[in-house]
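See structure below.
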Amino acid sequence: MPENPRERPLGIFGGTFDPVHFGHLRLAEEATDQLQLAGVRWIPAGRPLLREAPEVTARQRLTMVRLATAGNPSFDVDAGEVDTDGPSYTVLTLERLRQASQFGHQRPLLLLLGADAFAALPNWYRWRSLLELAHIGVAHRPGFPIDAASLPAALATCYRERFCAQPADLREAAAGCIATFAMTPLGISATQIRQLLARGSSPRYLLPDEVIAYIRNQNLYPEY
Ligand SMILES: Nc1ncnc2c1ncn2[C@@H]1O[C@H](COP(=O)(O)OP(=O)(O)OP(=O)(O)O)[C@@H](O)[C@H]1O
Ligand SMILES: O=C(O)c1ccc[n+]([C@@H]2O[C@H](COP(=O)([O-])O)[C@@H](O)[C@H]2O)c1
């Protein structure tokens, strides 16, 4: 049991963010509301796995996340994965957070994932250990159903065993539950934005203006 069982979980939101967009921002905002989080810590992946290398550097993606989240006191940004050499394994990041004196082993942490990332969880390094370190909160995402029948068998079993319907239950333990939440469906992806930028089309209203200005000033995606 946590020292303070009523403490709200802190959301942990990792991503490649190449670039960050309103799908990410609404996910973090709606998770905070629906899962009753204390806030969300954004952690851009330094060297993301199981995907193509990002188009821009880790530091540039970190800056975009800082620009996008500035001004929201419920959000903060962690440069830990960007500052670390080597692949960005989430389990190691969670272990680092648990070792940091501010969290210890009692504070509820909740790893935020979109439904597509959740379905791929069995491919992650030491994926079963993730639930020893944090709860998992899964956002609905258009095109990616969250139901046991569509998940890989090992994950479907885990999902059935760990499912938690009540946000209040997430405060009763430091880790181990899987919750889902139905965020506003937004069919926005960073892939789509990169495709728009590559053909010189406007990405406006898919991501914050501050991020677009940075992309332009730094010539991050050269055709735009
Ligand atoms: N529109 C969205 N709705 C719900 N979840 C999302 C959405 N966009 C991204 N996510 C989630 O945010 C996290 C970080 O995603 P990521 O940075 O890879 O963005 P992406 O748009 O999926 O990028 P890409 O198209 O490059 O794969 C993942 O858990 C992903 O599932
Ligand atoms: O730990 C792993 O093995 C692992 C494998 C794939 C993805 N992740 C993390 O999942 C988050 C979302 O990844 P992505 O590729 O959808 O941007 C991001 O924080 C990645 O570091 C982590």
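Following the order of the structure tokens, chains are lettered A, B, ..., residues in each are numbered from 1, and ligands are numbered from 1.
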
Please extract the residues at most 6 Å from ligand 1, counting only C-alpha atoms and all ligand atoms, and provide them as a tab-separated table (two decimals) with C-alpha atoms, in the first residue's frame, using the chain letters and residue numbers of this document.
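Once written, selection30.tsv looks like this:
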chain	number	residue	atom	x	y	z
A	15	GLY	CA	6.66	9.29	-27.25
A	16	THR	CA	8.76	10.03	-30.26
A	17	PHE	CA	6.92	13.31	-30.82
A	18	ASP	CA	8.24	13.78	-34.38
A	23	GLY	CA	-3.57	14.21	-30.45
A	24	HIS	CA	-0.81	14.02	-27.83
A	113	LEU	CA	-0.26	4.90	-24.09
A	114	GLY	CA	-2.41	5.20	-27.17
A	115	ALA	CA	-4.27	2.03	-28.16
A	116	ASP	CA	-1.79	1.30	-30.98
A	117	ALA	CA	1.19	1.42	-28.63
A	139	ALA	CA	-6.34	6.04	-24.71
A	140	HIS	CA	-8.73	5.08	-27.45
A	141	ARG	CA	-7.33	5.95	-30.86
A	186	LEU	CA	-8.55	12.55	-33.18
A	187	GLY	CA	-7.21	10.92	-36.31
A	188	ILE	CA	-4.03	12.98	-36.14
A	189	SER	CA	-0.64	11.32	-36.39
A	190	ALA	CA	2.92	12.58	-36.62
A	191	THR	CA	3.27	10.47	-39.78

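Based on only C-alpha atoms and all ligand atoms, the protein and nucleic acid residues found within 7 Å of ligand 2 are, by chain and then by number, A:Phe13, A:Gly14, A:Gly15, A:Thr16, A:Phe17, A:Ile43, A:Pro44, A:Ala45, A:Pro48, A:Leu49, A:Leu50, A:Arg51, A:Ser88, A:Tyr89, A:Thr90, A:Val91, A:Leu113, A:Ala117, A:Asn123, A:Trp124, A:Tyr125.
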
Create the file for the chosen residues now, containing N, CA and C atoms and written as a PDB file, in the first residue's frame.
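out-v3.pdb written:
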ATOM      1  N   PHE A  13       4.186  10.115 -19.813  1.00  0.00           N
ATOM      2  CA  PHE A  13       3.800  10.050 -21.227  1.00  0.00           C
ATOM      3  C   PHE A  13       5.044  10.099 -22.114  1.00  0.00           C
ATOM      4  N   GLY A  14       5.436   8.934 -22.619  1.00  0.00           N
ATOM      5  CA  GLY A  14       6.576   8.845 -23.528  1.00  0.00           C
ATOM      6  C   GLY A  14       6.121   8.845 -24.978  1.00  0.00           C
ATOM      7  N   GLY A  15       6.993   9.322 -25.830  1.00  0.00           N
ATOM      8  CA  GLY A  15       6.662   9.294 -27.252  1.00  0.00           C
ATOM      9  C   GLY A  15       7.843   9.761 -28.079  1.00  0.00           C
ATOM     10  N   THR A  16       7.728   9.539 -29.363  1.00  0.00           N
ATOM     11  CA  THR A  16       8.764  10.029 -30.263  1.00  0.00           C
ATOM     12  C   THR A  16       8.545  11.515 -30.550  1.00  0.00           C
ATOM     13  N   PHE A  17       7.292  11.903 -30.663  1.00  0.00           N
ATOM     14  CA  PHE A  17       6.920  13.312 -30.820  1.00  0.00           C
ATOM     15  C   PHE A  17       7.671  13.952 -31.997  1.00  0.00           C
ATOM     16  N   ILE A  43       7.927  12.540 -21.585  1.00  0.00           N
ATOM     17  CA  ILE A  43       9.303  12.041 -21.712  1.00  0.00           C
ATOM     18  C   ILE A  43       9.594  11.693 -23.178  1.00  0.00           C
ATOM     19  N   PRO A  44      10.116  12.654 -23.933  1.00  0.00           N
ATOM     20  CA  PRO A  44      10.471  12.340 -25.324  1.00  0.00           C
ATOM     21  C   PRO A  44      11.529  11.244 -25.373  1.00  0.00           C
ATOM     22  N   ALA A  45      11.336  10.293 -26.279  1.00  0.00           N
ATOM     23  CA  ALA A  45      12.288   9.188 -26.413  1.00  0.00           C
ATOM     24  C   ALA A  45      13.562   9.696 -27.087  1.00  0.00           C
ATOM     25  N   PRO A  48      14.152   6.082 -29.964  1.00  0.00           N
ATOM     26  CA  PRO A  48      12.982   5.196 -29.896  1.00  0.00           C
ATOM     27  C   PRO A  48      13.222   3.867 -30.601  1.00  0.00           C
ATOM     28  N   LEU A  49      12.453   2.855 -30.145  1.00  0.00           N
ATOM     29  CA  LEU A  49      12.634   1.485 -30.640  1.00  0.00           C
ATOM     30  C   LEU A  49      11.450   1.087 -31.509  1.00  0.00           C
ATOM     31  N   LEU A  50      11.623  -0.014 -32.227  1.00  0.00           N
ATOM     32  CA  LEU A  50      10.531  -0.651 -32.967  1.00  0.00           C
ATOM     33  C   LEU A  50       9.902   0.287 -33.986  1.00  0.00           C
ATOM     34  N   ARG A  51      10.695   1.220 -34.517  1.00  0.00           N
ATOM     35  CA  ARG A  51      10.205   2.124 -35.542  1.00  0.00           C
ATOM     36  C   ARG A  51      11.404   2.700 -36.279  1.00  0.00           C
ATOM     37  N   SER A  88      15.933   3.813 -25.844  1.00  0.00           N
ATOM     38  CA  SER A  88      15.034   4.343 -24.805  1.00  0.00           C
ATOM     39  C   SER A  88      14.063   3.256 -24.348  1.00  0.00           C
ATOM     40  N   TYR A  89      14.505   2.428 -23.437  1.00  0.00           N
ATOM     41  CA  TYR A  89      13.631   1.381 -22.897  1.00  0.00           C
ATOM     42  C   TYR A  89      12.796   1.980 -21.767  1.00  0.00           C
ATOM     43  N   THR A  90      11.486   1.863 -21.917  1.00  0.00           N
ATOM     44  CA  THR A  90      10.595   2.477 -20.929  1.00  0.00           C
ATOM     45  C   THR A  90      10.770   1.870 -19.542  1.00  0.00           C
ATOM     46  N   VAL A  91      11.030   0.582 -19.481  1.00  0.00           N
ATOM     47  CA  VAL A  91      11.172  -0.046 -18.164  1.00  0.00           C
ATOM     48  C   VAL A  91      12.350   0.579 -17.399  1.00  0.00           C
ATOM     49  N   LEU A 113      -0.505   5.460 -22.753  1.00  0.00           N
ATOM     50  CA  LEU A 113      -0.262   4.896 -24.088  1.00  0.00           C
ATOM     51  C   LEU A 113      -1.497   5.073 -24.953  1.00  0.00           C
ATOM     52  N   ALA A 117      -0.018   1.749 -29.393  1.00  0.00           N
ATOM     53  CA  ALA A 117       1.193   1.417 -28.627  1.00  0.00           C
ATOM     54  C   ALA A 117       0.896   0.280 -27.637  1.00  0.00           C
ATOM     55  N   ASN A 123       5.999  -6.590 -27.511  1.00  0.00           N
ATOM     56  CA  ASN A 123       7.293  -6.459 -28.204  1.00  0.00           C
ATOM     57  C   ASN A 123       8.292  -5.618 -27.409  1.00  0.00           C
ATOM     58  N   TRP A 124       7.848  -5.020 -26.343  1.00  0.00           N
ATOM     59  CA  TRP A 124       8.728  -4.127 -25.581  1.00  0.00           C
ATOM     60  C   TRP A 124       9.683  -4.923 -24.682  1.00  0.00           C
ATOM     61  N   TYR A 125      10.791  -4.323 -24.389  1.00  0.00           N
ATOM     62  CA  TYR A 125      11.797  -4.904 -23.497  1.00  0.00           C
ATOM     63  C   TYR A 125      11.202  -5.068 -22.090  1.00  0.00           C
TER      64      TYR A 125
END

Quick one: residues within 9 Å of A:Leu133, only C-alpha atoms, excluding same-chain residues fewer than 3 positions away - as a PDB file with C-alpha atoms, in the first residue's frame?
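Output file result.pdb is given in full below:
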ATOM      1  CA  VAL A  91      11.172  -0.046 -18.164  1.00  0.00           C
ATOM      2  CA  LEU A  94      10.384   3.855 -14.889  1.00  0.00           C
ATOM      3  CA  GLU A  95      13.112   2.289 -12.754  1.00  0.00           C
ATOM      4  CA  ARG A  98      11.258   4.985  -8.957  1.00  0.00           C
ATOM      5  CA  HIS A 105       8.272   2.850  -4.630  1.00  0.00           C
ATOM      6  CA  PRO A 108       1.253   5.760  -7.968  1.00  0.00           C
ATOM      7  CA  LEU A 109       2.647   6.252 -11.470  1.00  0.00           C
ATOM      8  CA  LEU A 110       0.588   5.671 -14.616  1.00  0.00           C
ATOM      9  CA  SER A 129       7.900  -5.591 -15.535  1.00  0.00           C
ATOM     10  CA  LEU A 130       6.196  -2.363 -16.618  1.00  0.00           C
ATOM     11  CA  ALA A 174       1.572   2.211  -6.781  1.00  0.00           C
ATOM     12  CA  ALA A 175       1.357   0.048  -9.917  1.00  0.00           C
ATOM     13  CA  GLY A 176      -0.297  -2.952 -11.527  1.00  0.00           C
TER      14      GLY A 176
END

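For the pair atom CA of A:Ile215 and atom CA of A:Thr84, the separation is 24.0 Å.
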
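In this structure, atom CA of A:Gln192 sits 13.0 Å away from atom CA of A:Tyr221.
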
Worksheet item: If you run DSSP on the backbone, which residues of stretch 58-139 of chain A are strand (DSSP E or B), as a list in words?
Response: Phe75, Asp76, Val77, Leu109, Leu110, Leu111, Leu112, Leu113, Gly114, His135, Ile136, Gly137, Val138 and Ala139 of chain A

Using the selection just defined, write its residues with C-alpha atoms as a PDB file, in the first residue's frame.
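Heads up, here's the output in selection.pdb:
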ATOM      1  CA  PHE A  75       2.530  19.225 -17.425  1.00  0.00           C
ATOM      2  CA  ASP A  76       6.275  18.941 -17.041  1.00  0.00           C
ATOM      3  CA  VAL A  77       8.959  17.618 -19.364  1.00  0.00           C
ATOM      4  CA  LEU A 109       2.647   6.252 -11.470  1.00  0.00           C
ATOM      5  CA  LEU A 110       0.588   5.671 -14.616  1.00  0.00           C
ATOM      6  CA  LEU A 111       2.147   5.074 -18.012  1.00  0.00           C
ATOM      7  CA  LEU A 112       0.027   6.670 -20.750  1.00  0.00           C
ATOM      8  CA  LEU A 113      -0.262   4.896 -24.088  1.00  0.00           C
ATOM      9  CA  GLY A 114      -2.409   5.199 -27.168  1.00  0.00           C
ATOM     10  CA  HIS A 135      -0.256   1.432 -13.837  1.00  0.00           C
ATOM     11  CA  ILE A 136      -1.051   1.694 -17.526  1.00  0.00           C
ATOM     12  CA  GLY A 137      -3.668   4.081 -18.937  1.00  0.00           C
ATOM     13  CA  VAL A 138      -4.732   3.378 -22.511  1.00  0.00           C
ATOM     14  CA  ALA A 139      -6.340   6.041 -24.705  1.00  0.00           C
TER      15      ALA A 139
END

Practice prompt. For A:Ala149, work out the shell of residues within 12 Å, counting only C-alpha atoms and skipping chain neighbours fewer than 6 positions away, then give it as a list in words.
Written response: Ala119, Leu155, Ala156, Thr157, Tyr159 and Arg160 of chain A

Discussion item. Give me, as a count of residues only, the residues of chain A that a backbone DSSP run labels alpha helix (DSSP H).
Written reply: 76

Discussion item. Report as a count of residues only all protein, DNA and RNA residues lying within 10 Å of A:Tyr224, evaluated on only C-alpha atoms, omitting residues in the same chain fewer than 5 positions from it.
Written reply: 13

Worksheet item: Got a sec: who's within 12 Å of A:Arg6, counting only C-alpha atoms, leaving out chain neighbours fewer than 2 positions off, as JSON, numbers by chain?
Response: {"A": [1, 2, 3, 4, 8, 9, 36, 37, 38, 106, 107, 108, 167, 168, 169, 170, 171, 172, 173, 174]}

Go ahead and write the residues just picked, N, CA and C atoms, as a PDB file, in the first residue's frame.
ATOM      1  N   MET A   1       0.840  -1.203   0.000  1.00  0.00           N
ATOM      2  CA  MET A   1       0.000   0.000   0.000  1.00  0.00           C
ATOM      3  C   MET A   1       0.871   1.247   0.000  1.00  0.00           C
ATOM      4  N   PRO A   2       0.445   2.306  -0.715  1.00  0.00           N
ATOM      5  CA  PRO A   2       1.224   3.536  -0.671  1.00  0.00           C
ATOM      6  C   PRO A   2       1.181   4.174   0.705  1.00  0.00           C
ATOM      7  N   GLU A   3       2.206   5.016   1.001  1.00  0.00           N
ATOM      8  CA  GLU A   3       2.206   5.728   2.279  1.00  0.00           C
ATOM      9  C   GLU A   3       0.973   6.608   2.380  1.00  0.00           C
ATOM     10  N   ASN A   4       0.632   7.242   1.256  1.00  0.00           N
ATOM     11  CA  ASN A   4      -0.559   8.068   1.197  1.00  0.00           C
ATOM     12  C   ASN A   4      -1.459   7.509   0.116  1.00  0.00           C
ATOM     13  N   ARG A   8      -2.923  11.113  -5.904  1.00  0.00           N
ATOM     14  CA  ARG A   8      -3.278  10.871  -7.302  1.00  0.00           C
ATOM     15  C   ARG A   8      -2.066  10.357  -8.064  1.00  0.00           C
ATOM     16  N   PRO A   9      -2.278   9.498  -9.051  1.00  0.00           N
ATOM     17  CA  PRO A   9      -1.129   9.020  -9.841  1.00  0.00           C
ATOM     18  C   PRO A   9      -0.552  10.149 -10.697  1.00  0.00           C
ATOM     19  N   GLN A  36      -8.013  11.155 -13.225  1.00  0.00           N
ATOM     20  CA  GLN A  36      -7.742  11.916 -11.992  1.00  0.00           C
ATOM     21  C   GLN A  36      -6.260  11.894 -11.633  1.00  0.00           C
ATOM     22  N   LEU A  37      -5.463  12.331 -12.599  1.00  0.00           N
ATOM     23  CA  LEU A  37      -4.012  12.350 -12.409  1.00  0.00           C
ATOM     24  C   LEU A  37      -3.581  13.633 -11.713  1.00  0.00           C
ATOM     25  N   ALA A  38      -2.455  13.570 -11.031  1.00  0.00           N
ATOM     26  CA  ALA A  38      -1.883  14.769 -10.422  1.00  0.00           C
ATOM     27  C   ALA A  38      -1.273  15.669 -11.494  1.00  0.00           C
ATOM     28  N   GLN A 106       6.374   4.005  -3.629  1.00  0.00           N
ATOM     29  CA  GLN A 106       4.993   4.061  -3.151  1.00  0.00           C
ATOM     30  C   GLN A 106       4.090   4.948  -3.990  1.00  0.00           C
ATOM     31  N   ARG A 107       4.656   5.907  -4.644  1.00  0.00           N
ATOM     32  CA  ARG A 107       3.841   6.873  -5.378  1.00  0.00           C
ATOM     33  C   ARG A 107       3.182   6.203  -6.593  1.00  0.00           C
ATOM     34  N   PRO A 108       1.859   6.311  -6.751  1.00  0.00           N
ATOM     35  CA  PRO A 108       1.253   5.760  -7.968  1.00  0.00           C
ATOM     36  C   PRO A 108       1.741   6.491  -9.227  1.00  0.00           C
ATOM     37  N   PRO A 167     -11.260   5.012 -11.584  1.00  0.00           N
ATOM     38  CA  PRO A 167     -10.035   5.804 -11.408  1.00  0.00           C
ATOM     39  C   PRO A 167      -9.578   5.871  -9.953  1.00  0.00           C
ATOM     40  N   ALA A 168     -10.512   5.857  -9.017  1.00  0.00           N
ATOM     41  CA  ALA A 168     -10.117   5.952  -7.609  1.00  0.00           C
ATOM     42  C   ALA A 168      -9.243   4.771  -7.198  1.00  0.00           C
ATOM     43  N   ASP A 169      -9.453   3.607  -7.846  1.00  0.00           N
ATOM     44  CA  ASP A 169      -8.655   2.422  -7.497  1.00  0.00           C
ATOM     45  C   ASP A 169      -7.180   2.623  -7.837  1.00  0.00           C
ATOM     46  N   LEU A 170      -6.895   3.518  -8.786  1.00  0.00           N
ATOM     47  CA  LEU A 170      -5.504   3.750  -9.197  1.00  0.00           C
ATOM     48  C   LEU A 170      -4.696   4.411  -8.079  1.00  0.00           C
ATOM     49  N   ARG A 171      -5.398   4.942  -7.086  1.00  0.00           N
ATOM     50  CA  ARG A 171      -4.676   5.581  -5.967  1.00  0.00           C
ATOM     51  C   ARG A 171      -4.356   4.582  -4.867  1.00  0.00           C
ATOM     52  N   GLU A 172      -4.932   3.398  -4.987  1.00  0.00           N
ATOM     53  CA  GLU A 172      -4.808   2.439  -3.881  1.00  0.00           C
ATOM     54  C   GLU A 172      -3.556   1.581  -3.975  1.00  0.00           C
ATOM     55  N   ALA A 173      -2.870   1.648  -5.107  1.00  0.00           N
ATOM     56  CA  ALA A 173      -1.625   0.894  -5.260  1.00  0.00           C
ATOM     57  C   ALA A 173      -0.693   1.721  -6.131  1.00  0.00           C
ATOM     58  N   ALA A 174       0.583   1.425  -6.037  1.00  0.00           N
ATOM     59  CA  ALA A 174       1.572   2.211  -6.781  1.00  0.00           C
ATOM     60  C   ALA A 174       1.639   1.809  -8.250  1.00  0.00           C
TER      61      ALA A 174
END

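With only C-alpha atoms as the atoms that count, the residue of A:Ala154, A:Leu92, A:Ala28, A:Met64 with the shortest distance to A:Asp209 is A:Met64.
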
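Across the model, the gap from atom CA of A:Gly71 to atom CA of A:Leu220 is 23.5 Å.
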